[in-house]
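First up is the structure itself, then whatever we jot down about it.
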Amino acid sequence: MLRKTIALSLLSASLIATNANAADKLVVSTWGGSFKELIDKAIGQEFTKQTGVEVEYVTGGTIDRLNKAKLAGTAESDVTFTTSHVGWLYTNDGLFEELDMSKIPNASHLVDQAKLSPSHVGVWGYVYTIGYRPDMMPEGITFDSWNDLWSPELEGMIAFPDWDPSHIIAVSAKLSGTDAEHWEQGQDKLKALVPNIKAFYTNDANSQQLIATGETSVQLLLTMNAYHMMDEGVNIKLAIPKEGAVLGVDAMGINKGTEQADLAYQFMNIALSPEVQANIARINRGSPVVDNAQVDPEIAKLPGMLTTPDQWAATLDTDARLRAEKTAEWRKWFSENIMAH
């Protein structure tokens with residue numbers, strides 16, 4: 001009897017320890033590289049400082065992580081970082097919890113463009129715009145307008161991302177007098193750009209290699225990546241065309257079925273605090289998605305930084321839900337009609 005009592009006591013203690021250890025970490029799904037570093041430096045370390053709970057990261061590509069979550073059917077992580085439109089795919093597939101906004105009081109300061117769905121909210125903003133090597137530009141090319149990408153002088157000089165054509169589709173639609181919802185009207189405009197396209201980069205590292213070596217001296221770039229390249233010593237300048245740069249918002253949601261919902265809410269609330277949002281701007285030039293963050297004036301004036309309502313409103317903002325609905329169609333058309341040539 002004594003042995004049985006001792007054995008039960010040891011088993012009970014073991015279970016308690018196991019549960020305590022499980023509660024001592026929050027698993028966050030995100031991209032690798034500079035974005036994982038940003039999340040850890042700006043949010044994860046502050047979360048651990050305030051709660052004593054360690055953060056563990058699971059990394060991968062945007063679509064790869066979505067597909068993995070679909071196949072698993074259960075939460076591999078507690079919080080997921082993704083793009084605004086892919087967040088809608090998580091939401092539509094029932095992979096995100098519906099958010100209780102009362103548990104994220106800092107979300108009361110969200111800008112309108114970061115209020116994405118009942119299940120995911122923005123965490124930082126940026127724009128996709130024209131990045132170029134100033135030492136390699138033909139005379140007279142200024143990129144005052146997106147139309148400059150179609151200049152014959154840029155033949156065989158431009159690179160685009162291969163995984164998401166929504167940005168240049170929105171631009172082509174705008175230049176054709178319409179918007180992304182009626183994107184078909186911009187198809188001929190986009191086809192006319194083919195002679196100027198040299199490559200399609202597959203990831204951030206590939207993008208940096210292409211522009212650093214000069215293989216492609218003009219790219220459609222996410223500004224946060226461009227500033228990271230500048231910090232790495234790559235000679236790049238950014239241009240904001242008069243029609244507006246293409247808005248992007250990265251987002252976060254809580255995975256369906258997580259056993260760490262309370263910690264996940266704490267993490268999200270810390271991410272949206274004005275201090276952390278200002279730190280995101282300082283570390284990686286991500287635009288704050290709350291209206292009460294105090295951004296260093298020298299950072300706020302950089303091309304592509306969004307710190308005022310007018311700056312947010314001046315972007316080309318394709319509805320994230322529309323992007324989610326059209327992503328597969330756009331990628332298929334773009335692959336067959338642009339990338340195949």
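As shown in the structure tokens, the chain order sets the letters A, B, ...; within each chain, residues go from 1, and ligands are also counted from 1 in the order they appear.
Counting only C-alpha atoms, Gln187 of chain A has the following residues at most 10 Å away, ignoring those fewer than 4 positions along the same chain: A:Ile169, A:Ser172, A:Ala173, A:Ser176, A:Trp183, A:Lys191, A:Ala192, A:Trp333, A:Phe334, A:Asn337, A:Ile338.
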TODO: Return as number ranges by chain the full set of residues in segment 72-321 of chain A whose backbone-based DSSP assignment is strand (DSSP E).
DONE: A: 79-83, 120-132, 158-161, 197-201, 218-222, 237-239, 246-254
Task: Close residues, Pro241 of chain A itself excluded, 6 Å, only C-alpha atoms, min 6 positions apart in chain, as a list in words - done: Asp144, Ser145 and Trp146 of chain A
TODO: Tell me which of A:Asp164, A:Ala69, A:Ile39, A:Lys115 sits closest to Ala281 of chain A, counting only C-alpha atoms.
DONE: A:Ile39
Task: Point-to-point distance in Å for atom CA of Ala114 of chain A and atom CA of Phe47 of chain A - done: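 For atom CA of Phe47 of chain A relative to atom CA of Ala114 of chain A, the distance reads 21.3 Å.
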